[in-house]
$ cat protein-v2.txt   # compact mmCIF, C-alpha atoms
# COMPACT_ATOMS: atom_id res chain seq x y z
CA LEU A 1 99.38 93.07 82.32
CA THR A 2 97.72 91.08 79.57
CA ARG A 3 99.43 89.12 76.81
CA TYR A 4 99.16 92.16 74.53
CA SER A 5 101.25 94.46 76.74
CA PHE A 6 104.78 93.62 75.66
CA GLY A 7 105.24 95.60 72.48
CA PRO A 8 107.84 94.21 70.08
CA TYR A 9 109.38 91.64 72.43
CA PRO A 10 107.29 88.53 71.57
CA HIS A 11 107.73 89.19 67.85
CA PHE A 12 111.45 89.77 68.31
CA PHE A 13 111.99 86.46 70.09
CA ALA A 14 109.88 84.65 67.50
CA SER A 15 112.02 86.19 64.75
CA LEU A 16 115.01 84.35 66.22
CA GLY A 17 113.27 81.04 65.68
CA LEU A 18 112.09 80.64 69.24
CA ALA A 19 108.63 79.37 70.12
CA VAL A 20 107.09 82.04 72.36
CA LEU A 21 104.43 81.66 75.05
CA ILE A 22 102.86 84.78 76.57
CA TYR A 23 99.89 84.79 78.91
CA ASP A 24 97.52 87.11 80.75
CA LYS A 25 98.67 87.57 84.34
CA ARG A 26 96.15 86.19 86.81
CA GLY A 27 93.08 88.36 87.16
CA THR A 28 93.65 90.08 83.80
CA GLY A 29 92.42 89.42 80.27
CA ALA A 30 91.11 85.88 79.91
CA SER A 31 92.89 84.58 83.02
CA SER A 32 90.91 83.65 86.09
CA GLY A 33 92.03 84.07 89.68
CA THR A 34 92.54 87.11 91.89
CA ARG A 35 95.85 88.74 92.45
CA PHE A 36 96.08 89.45 96.15
CA ASP A 37 97.43 92.66 97.60
CA ALA A 38 96.24 95.29 100.04
CA SER A 39 94.26 97.13 97.38
CA THR A 40 91.75 94.27 97.16
CA GLY A 41 90.68 94.91 100.74
CA THR A 42 90.85 91.18 101.34
CA LEU A 43 93.32 89.62 103.76
CA MET A 44 94.03 86.23 102.23
CA ASP A 45 96.09 84.21 104.71
CA PRO A 46 98.39 82.42 104.42
CA ALA A 47 99.33 83.72 100.96
CA PHE A 48 102.58 85.61 100.54
CA TYR A 49 103.67 87.74 97.58
CA PRO A 50 104.72 86.71 94.96
CA GLU A 51 103.94 83.04 95.48
CA ASP A 52 100.84 82.97 93.29
CA LEU A 53 102.56 84.74 90.42
CA THR A 54 105.67 82.56 90.68
CA MET A 55 103.62 79.39 90.60
CA ASP A 56 101.63 80.66 87.61
CA ALA A 57 104.86 81.25 85.68
CA LEU A 58 106.19 77.85 86.74
CA ALA A 59 102.95 76.28 85.49
CA ALA A 60 103.50 77.95 82.10
CA PHE A 61 107.03 76.54 82.08
CA ARG A 62 105.74 73.04 82.88
CA PHE A 63 103.11 73.38 80.16
CA LEU A 64 105.85 73.99 77.58
CA GLN A 65 107.91 71.10 78.90
CA ALA A 66 105.00 68.75 78.24
CA ARG A 67 104.69 69.68 74.55
CA ASP A 68 106.23 67.38 71.93
CA ASP A 69 107.08 70.31 69.64
CA ILE A 70 109.23 72.08 72.26
CA ASP A 71 112.80 71.21 73.25
CA HIS A 72 112.28 71.08 77.00
CA LYS A 73 116.01 71.47 77.65
CA ARG A 74 116.13 74.92 76.05
CA ILE A 75 113.20 76.76 77.64
CA GLY A 76 114.12 80.18 79.00
CA LEU A 77 112.17 82.97 80.66
CA TRP A 78 111.98 86.69 79.93
CA GLY A 79 110.16 89.17 82.14
CA SER A 80 109.87 92.93 82.46
CA SER A 81 109.52 94.95 85.67
CA GLU A 82 107.80 92.71 88.23
CA GLY A 83 108.17 89.93 85.66
CA GLY A 84 111.90 90.54 85.59
CA MET A 85 112.03 89.83 89.29
CA LEU A 86 109.71 86.83 88.88
CA VAL A 87 111.96 85.02 86.41
CA THR A 88 114.62 84.79 89.12
CA GLN A 89 112.10 83.21 91.48
CA VAL A 90 111.02 80.61 88.90
CA ALA A 91 114.63 79.74 88.08
CA ALA A 92 115.28 79.31 91.80
CA ARG A 93 112.40 76.80 91.95
CA SER A 94 113.41 74.79 88.88
CA PRO A 95 116.97 73.93 87.86
CA GLU A 96 115.48 72.87 84.50
CA VAL A 97 115.12 76.51 83.39
CA ALA A 98 117.73 76.96 80.64
CA PHE A 99 118.26 80.72 80.99
CA ILE A 100 116.52 83.85 82.27
CA ILE A 101 116.36 87.47 81.15
CA ASP A 102 115.50 90.06 83.79
CA SER A 103 114.40 93.34 82.20
CA SER A 104 114.19 96.14 84.81
CA GLY A 105 113.24 93.84 87.68
CA PHE A 106 113.57 95.10 91.25
CA MET A 107 116.29 93.39 93.28
CA GLY A 108 115.74 94.43 96.87
CA PRO A 109 112.94 94.58 99.43
CA LEU A 110 109.71 95.72 97.76
CA TRP A 111 109.21 98.51 100.28
CA GLU A 112 112.56 100.03 99.28
CA THR A 113 111.51 99.97 95.62
CA LEU A 114 108.25 101.77 96.44
CA LEU A 115 110.15 104.38 98.42
CA TYR A 116 112.42 104.98 95.44
CA GLN A 117 109.42 105.19 93.11
CA ALA A 118 107.72 107.76 95.32
CA GLY A 119 110.50 110.28 94.83
CA ALA A 120 111.39 109.39 91.25
CA VAL A 121 107.81 109.49 89.95
CA ALA A 122 107.02 112.71 91.80
CA LYS A 123 110.12 114.34 90.32
CA GLN A 124 109.32 113.04 86.84
CA THR A 125 105.77 114.38 87.19
CA GLY A 126 107.21 117.86 87.69
CA TYR A 127 106.67 118.40 91.40
CA SER A 128 108.77 121.02 93.16
CA ASP A 129 111.69 119.81 95.26
CA ALA A 130 109.67 120.58 98.39
CA ASP A 131 106.69 118.57 97.18
CA VAL A 132 108.91 115.68 96.11
CA GLN A 133 110.24 115.59 99.65
CA ARG A 134 106.69 115.66 101.05
CA VAL A 135 105.80 112.60 98.97
CA ILE A 136 108.94 110.80 100.11
CA GLU A 137 108.27 111.57 103.77
CA PHE A 138 104.68 110.36 103.42
CA THR A 139 105.90 107.10 101.89
CA LYS A 140 108.34 106.63 104.76
CA LEU A 141 105.45 107.17 107.18
CA TRP A 142 103.33 104.63 105.27
CA MET A 143 106.09 102.01 105.54
CA ARG A 144 106.73 102.75 109.21
CA VAL A 145 103.05 102.40 110.16
CA ALA A 146 102.75 99.21 108.12
CA ARG A 147 105.86 97.75 109.78
CA THR A 148 105.12 98.76 113.39
CA GLY A 149 101.32 99.02 113.52
CA GLU A 150 101.68 102.43 115.18
CA GLY A 151 100.65 105.83 113.83
CA TRP A 152 97.47 105.02 111.87
CA ASP A 153 95.92 108.42 112.64
CA ASP A 154 99.12 110.16 111.49
CA PHE A 155 99.01 108.20 108.25
CA VAL A 156 95.39 109.15 107.54
CA ARG A 157 96.06 112.84 108.25
CA ALA A 158 99.16 112.86 106.04
CA ARG A 159 97.35 111.06 103.23
CA ASP A 160 94.43 113.49 103.34
CA GLU A 161 96.78 116.46 103.38
CA LEU A 162 98.67 115.25 100.31
CA ARG A 163 95.40 114.75 98.49
CA ARG A 164 94.28 118.28 99.33
CA LYS A 165 97.50 119.46 97.72
CA ASN A 166 96.94 117.12 94.73
CA LEU A 167 100.21 115.36 95.53
CA ASP A 168 99.20 111.82 94.66
CA ALA A 169 101.94 110.81 92.22
CA LEU A 170 102.35 107.42 93.85
CA PHE A 171 99.92 105.96 96.34
CA GLN A 172 99.99 102.41 95.01
CA SER A 173 97.66 100.38 97.23
CA SER A 174 97.91 102.88 100.10
CA GLY A 175 94.90 104.78 98.83
CA GLU A 176 92.71 101.79 99.66
CA PHE A 177 93.85 101.10 103.21
CA THR A 178 90.96 101.18 105.69
CA SER A 179 92.70 99.97 108.86
CA VAL A 180 96.09 99.50 110.44
CA THR A 181 95.42 95.75 110.41
CA GLN A 182 95.24 95.87 106.64
CA MET A 183 98.50 97.83 106.49
CA GLN A 184 100.28 95.35 108.72
CA TRP A 185 99.03 92.47 106.59
CA ASP A 186 100.42 94.28 103.57
CA TRP A 187 103.81 94.64 105.25
CA THR A 188 104.03 91.00 106.31
CA HIS A 189 102.64 89.45 103.13
CA VAL A 190 103.74 91.89 100.41
CA LEU A 191 105.98 94.85 101.23
CA SER A 192 108.66 92.98 103.18
CA PHE A 193 109.30 90.55 100.33
CA SER A 194 112.79 90.50 98.82
CA PRO A 195 113.90 88.35 95.88
CA LEU A 196 117.50 88.24 97.10
CA PRO A 197 117.46 85.06 99.24
CA ASP A 198 116.40 82.96 96.26
CA LEU A 199 119.13 84.29 93.97
CA LYS A 200 121.59 81.86 95.57
CA LYS A 201 119.55 79.03 94.00
CA VAL A 202 119.74 80.41 90.44
CA SER A 203 122.35 78.43 88.53
CA CYS A 204 121.31 79.02 84.91
CA PRO A 205 122.71 81.79 82.65
CA VAL A 206 121.30 85.22 83.55
CA LEU A 207 121.02 88.41 81.52
CA ALA A 208 119.89 91.52 83.40
CA LEU A 209 119.10 94.68 81.43
CA TYR A 210 118.30 98.03 83.02
CA GLY A 211 117.58 101.53 81.76
CA GLU A 212 119.72 104.38 83.03
CA ILE A 213 116.76 106.74 83.67
CA ASP A 214 114.28 104.20 85.06
CA SER A 215 111.84 105.89 87.49
CA LEU A 216 110.30 102.64 88.76
CA THR A 217 113.34 100.50 89.57
CA PRO A 218 116.39 101.82 91.45
CA VAL A 219 118.78 100.86 88.68
CA LYS A 220 122.16 101.41 90.29
CA SER A 221 121.42 99.27 93.33
CA ALA A 222 119.44 96.65 91.36
CA ALA A 223 122.17 96.14 88.77
CA GLU A 224 124.92 95.94 91.39
CA THR A 225 122.89 93.68 93.66
CA ILE A 226 121.88 91.03 91.13
CA GLY A 227 125.41 90.82 89.75
CA ARG A 228 127.03 90.52 93.15
CA ALA A 229 124.45 88.12 94.61
CA LEU A 230 124.64 85.69 91.70
CA SER A 231 128.42 85.85 91.58
CA ASP A 232 128.70 85.26 95.32
CA ALA A 233 126.45 82.21 94.90
CA GLY A 234 128.83 80.76 92.32
CA ASN A 235 126.92 81.56 89.11
CA ARG A 236 129.58 82.22 86.47
CA ASP A 237 127.32 83.12 83.54
CA VAL A 238 125.86 86.48 84.54
CA THR A 239 125.64 89.53 82.28
CA VAL A 240 124.39 92.86 83.64
CA LYS A 241 124.02 95.91 81.41
CA VAL A 242 122.69 99.42 82.06
CA LEU A 243 121.57 101.07 78.82
CA PRO A 244 122.21 104.83 78.54
CA GLY A 245 119.13 106.97 78.00
CA ALA A 246 116.71 104.07 78.51
CA GLY A 247 113.67 104.06 80.77
CA HIS A 248 111.77 101.29 82.53
CA SER A 249 110.67 99.55 79.31
CA LEU A 250 114.16 100.05 77.84
CA ALA A 251 112.72 102.59 75.42
CA VAL A 252 114.26 106.03 75.08
CA ALA A 253 112.78 108.88 77.09
CA SER A 254 110.25 109.81 74.39
CA GLY A 255 108.98 106.22 74.41
CA ASP A 256 108.70 106.06 70.62
CA ARG A 257 111.61 103.68 70.04
CA MET A 258 113.76 101.21 71.92
CA ALA A 259 117.10 102.35 73.25
CA PRO A 260 120.13 101.56 71.07
CA GLY A 261 121.60 98.15 71.79
CA VAL A 262 118.54 96.47 73.34
CA PHE A 263 117.77 93.97 70.61
CA GLU A 264 121.40 93.53 69.58
CA THR A 265 122.25 92.53 73.15
CA LEU A 266 119.27 90.20 73.44
CA ARG A 267 119.98 88.56 70.08
CA SER A 268 123.64 87.79 70.70
CA TRP A 269 123.05 86.61 74.26
CA VAL A 270 120.02 84.41 73.57
CA VAL A 271 121.45 82.79 70.46
CA THR A 272 124.51 81.73 72.43
CA ARG A 273 122.69 80.46 75.54
CA ALA A 274 120.01 78.63 73.60
CA HIS A 275 122.65 77.06 71.30
CA MET A 276 121.00 78.48 68.21
CA SER A 277 122.29 79.58 64.83
CA GLY A 278 120.10 82.67 65.07
CA SER A 279 117.67 81.60 62.39
CA THR A 280 117.00 77.91 63.01
CA ASP A 281 113.49 77.11 64.13
CA ILE A 282 113.45 75.29 67.48
CA ARG A 283 111.08 72.32 67.51
$ encode --input "protein-v2.txt" --output "structure tokens"
Amino acid sequence: LTRYSFGPYPHFFASLGLAVLIYDKRGTGASSGTRFDASTGTLMDPAFYPEDLTMDALAAFRFLQARDDIDHKRIGLWGSSEGGMLVTQVAARSPEVAFIIDSSGFMGPLWETLLYQAGAVAKQTGYSDADVQRVIEFTKLWMRVARTGEGWDDFVRARDELRRKNLDALFQSSGEFTSVTQMQWDWTHVLSFSPLPDLKKVSCPVLALYGEIDSLTPVKSAAETIGRALSDAGNRDVTVKVLPGAGHSLAVASGDRMAPGVFETLRSWVVTRAHMSGSTDIR
């Protein structure tokens, strides 16, 4: 996403008196660089997801630390979806991060998240129960071939059959695969990634917000996992909330307004963790 993709959030944080930095993710907007994944058709060893994105966010954090008009001891990170996961990775790299807010970030192996999305998106799209199951079974096949390197011909046949039936609710990068080698690279470098090992290194305050009807992140497992993992690692300032009726962006189902409680929760939590009065400009 580009810097213009975050709706009211940047303005909301600025209204609290926070200085706000947003940036175009690599390969989008005015940012250079190429985001690697299987859909590029390029196998870029030895890169592993999400190393490039984590280091980009850490560079933004370091940039703020170097500014005279920023209190470098009170810099926090907010991210949504993939960005919600990424803030945990940055905090694991730098104990200088003051706090993080994970909004709808996945908290398990990426392949499990894609499997969840396959069924949830197909159901949301209006597919019949039988077609939803077909999409799920295809996604399982995709992951199995990527993991084992066996069954490429089965994958191609299944993909072509789903397309003939117009059942393409969620192909992600799978629509671009041209060889089993590419699939296996995707498994090793992208799909097998899990953010969980690094959670044990996150010592700063953490707020995790999820929407009850999210079709892109498996909310129940994500909310339980991040809370348990951080607690087991000894982090005693962890708040996890699931907002009723909210979707992936924490908006209500219609998408025309944010779910009740989103900004109230953010305001009270951030003001406390950043040691703010709620209206004082941070310099």
$ residues_around --input "protein-v2.txt" --residues "Phe263 (chain A)" --least-positions-apart "3" --cutoff "10 Å" --atoms "all atoms listed in the file" --output "PDB file with C-alpha atoms, in the coordinates of the input"
ATOM      1  CA  PRO A   8     107.840  94.210  70.080  1.00  0.00           C
ATOM      2  CA  TYR A   9     109.380  91.640  72.430  1.00  0.00           C
ATOM      3  CA  PHE A  12     111.450  89.770  68.310  1.00  0.00           C
ATOM      4  CA  PHE A  13     111.990  86.460  70.090  1.00  0.00           C
ATOM      5  CA  MET A 258     113.760 101.210  71.920  1.00  0.00           C
ATOM      6  CA  ALA A 259     117.100 102.350  73.250  1.00  0.00           C
ATOM      7  CA  PRO A 260     120.130 101.560  71.070  1.00  0.00           C
ATOM      8  CA  LEU A 266     119.270  90.200  73.440  1.00  0.00           C
ATOM      9  CA  ARG A 267     119.980  88.560  70.080  1.00  0.00           C
ATOM     10  CA  SER A 268     123.640  87.790  70.700  1.00  0.00           C
ATOM     11  CA  TRP A 269     123.050  86.610  74.260  1.00  0.00           C
TER      12      TRP A 269
END
$ residues_around --input "protein-v2.txt" --residues "Ile75 (chain A)" --least-positions-apart "3" --cutoff "10 Å" --atoms "all atoms listed in the file" --output "list in words"
Leu18, Ala19, Val20, Phe61, Arg62, Leu64, Gln65, Ile70, Asp71, His72, Glu96, Val97, Ala98, Phe99, Ile100 and Ala274 of chain A
$ write_last_selection --input "protein-v2.txt" --atoms "C-alpha atoms" --output "CSV table (one decimal), in the frame of the given file"
chain,number,residue,atom,x,y,z
A,18,LEU,CA,112.1,80.6,69.2
A,19,ALA,CA,108.6,79.4,70.1
A,20,VAL,CA,107.1,82.0,72.4
A,61,PHE,CA,107.0,76.5,82.1
A,62,ARG,CA,105.7,73.0,82.9
A,64,LEU,CA,105.8,74.0,77.6
A,65,GLN,CA,107.9,71.1,78.9
A,70,ILE,CA,109.2,72.1,72.3
A,71,ASP,CA,112.8,71.2,73.2
A,72,HIS,CA,112.3,71.1,77.0
A,96,GLU,CA,115.5,72.9,84.5
A,97,VAL,CA,115.1,76.5,83.4
A,98,ALA,CA,117.7,77.0,80.6
A,99,PHE,CA,118.3,80.7,81.0
A,100,ILE,CA,116.5,83.8,82.3
A,274,ALA,CA,120.0,78.6,73.6
$ residues_around --input "protein-v2.txt" --residues "region 179-190 of chain A" --least-positions-apart "6" --cutoff "6 Å" --atoms "only C-alpha atoms" --output "PyMOL selection string"
chain A and resi 38+48-49+146-147+152
$ closest_residue --input "protein-v2.txt" --among "A:Val270, A:Leu53, A:Leu216, A:Leu199" --to "Gly33 (chain A)" --atoms "all atoms listed in the file"
A:Leu53
$ residues_around --input "protein-v2.txt" --residues "Val242 (chain A)" --least-positions-apart "4" --cutoff "12 Å" --atoms "all atoms listed in the file" --output "PDB file with C-alpha atoms, in the coordinates of the input"
ATOM      1  CA  ASP A 102     115.500  90.060  83.790  1.00  0.00           C
ATOM      2  CA  SER A 103     114.400  93.340  82.200  1.00  0.00           C
ATOM      3  CA  SER A 104     114.190  96.140  84.810  1.00  0.00           C
ATOM      4  CA  LEU A 207     121.020  88.410  81.520  1.00  0.00           C
ATOM      5  CA  ALA A 208     119.890  91.520  83.400  1.00  0.00           C
ATOM      6  CA  LEU A 209     119.100  94.680  81.430  1.00  0.00           C
ATOM      7  CA  TYR A 210     118.300  98.030  83.020  1.00  0.00           C
ATOM      8  CA  GLY A 211     117.580 101.530  81.760  1.00  0.00           C
ATOM      9  CA  GLU A 212     119.720 104.380  83.030  1.00  0.00           C
ATOM     10  CA  ILE A 213     116.760 106.740  83.670  1.00  0.00           C
ATOM     11  CA  ASP A 214     114.280 104.200  85.060  1.00  0.00           C
ATOM     12  CA  PRO A 218     116.390 101.820  91.450  1.00  0.00           C
ATOM     13  CA  VAL A 219     118.780 100.860  88.680  1.00  0.00           C
ATOM     14  CA  LYS A 220     122.160 101.410  90.290  1.00  0.00           C
ATOM     15  CA  SER A 221     121.420  99.270  93.330  1.00  0.00           C
ATOM     16  CA  ALA A 222     119.440  96.650  91.360  1.00  0.00           C
ATOM     17  CA  ALA A 223     122.170  96.140  88.770  1.00  0.00           C
ATOM     18  CA  GLU A 224     124.920  95.940  91.390  1.00  0.00           C
ATOM     19  CA  GLY A 227     125.410  90.820  89.750  1.00  0.00           C
ATOM     20  CA  ALA A 246     116.710 104.070  78.510  1.00  0.00           C
ATOM     21  CA  GLY A 247     113.670 104.060  80.770  1.00  0.00           C
ATOM     22  CA  HIS A 248     111.770 101.290  82.530  1.00  0.00           C
ATOM     23  CA  LEU A 250     114.160 100.050  77.840  1.00  0.00           C
ATOM     24  CA  ALA A 259     117.100 102.350  73.250  1.00  0.00           C
ATOM     25  CA  PRO A 260     120.130 101.560  71.070  1.00  0.00           C
ATOM     26  CA  GLY A 261     121.600  98.150  71.790  1.00  0.00           C
ATOM     27  CA  VAL A 262     118.540  96.470  73.340  1.00  0.00           C
ATOM     28  CA  THR A 265     122.250  92.530  73.150  1.00  0.00           C
TER      29      THR A 265
END
$ atom_distance --input "protein-v2.txt" --atom1 "CA of Ala91 (chain A)" --atom2 "CA of Ser194 (chain A)"
15.3 Å
$ atom_distance --input "protein-v2.txt" --atom1 "CA of Ser192 (chain A)" --atom2 "CA of Arg159 (chain A)"
21.3 Å
$ residues_around --input "protein-v2.txt" --residues "Ser231 (chain A)" --least-positions-apart "3" --cutoff "12 Å" --atoms "all atoms listed in the file" --output "CSV table (one decimal) with C-alpha atoms, in the frame of the given file"
chain,number,residue,atom,x,y,z
A,199,LEU,CA,119.1,84.3,94.0
A,200,LYS,CA,121.6,81.9,95.6
A,201,LYS,CA,119.6,79.0,94.0
A,202,VAL,CA,119.7,80.4,90.4
A,203,SER,CA,122.4,78.4,88.5
A,204,CYS,CA,121.3,79.0,84.9
A,205,PRO,CA,122.7,81.8,82.6
A,206,VAL,CA,121.3,85.2,83.6
A,224,GLU,CA,124.9,95.9,91.4
A,225,THR,CA,122.9,93.7,93.7
A,226,ILE,CA,121.9,91.0,91.1
A,227,GLY,CA,125.4,90.8,89.8
A,228,ARG,CA,127.0,90.5,93.2
A,234,GLY,CA,128.8,80.8,92.3
A,235,ASN,CA,126.9,81.6,89.1
A,236,ARG,CA,129.6,82.2,86.5
A,237,ASP,CA,127.3,83.1,83.5
A,238,VAL,CA,125.9,86.5,84.5
A,239,THR,CA,125.6,89.5,82.3
A,240,VAL,CA,124.4,92.9,83.6
$ closest_residue --input "protein-v2.txt" --among "A:Thr2, A:Thr139, A:Ser254, A:Thr54" --to "Ser94 (chain A)" --atoms "only C-alpha atoms"
A:Thr54
$ closest_residue --input "protein-v2.txt" --among "A:Ser31, A:Thr125, A:Thr178, A:Thr217" --to "Met107 (chain A)" --atoms "only C-alpha atoms"
A:Thr217
$ closest_residue --input "protein-v2.txt" --among "A:Gly27, A:Gly83, A:Gly17, A:Gly76" --to "Phe106 (chain A)" --atoms "all atoms listed in the file"
A:Gly83
$ atom_distance --input "protein-v2.txt" --atom1 "CA of Leu58 (chain A)" --atom2 "CA of Pro109 (chain A)"
22.1 Å
$ closest_residue --input "protein-v2.txt" --among "A:Ala92, A:Arg144, A:Asp56, A:Lys165" --to "Leu230 (chain A)" --atoms "only C-alpha atoms"
A:Ala92
$ closest_residue --input "protein-v2.txt" --among "A:Leu114, A:Ser32, A:Leu167, A:Glu176" --to "Gly126 (chain A)" --atoms "all atoms listed in the file"
A:Leu167
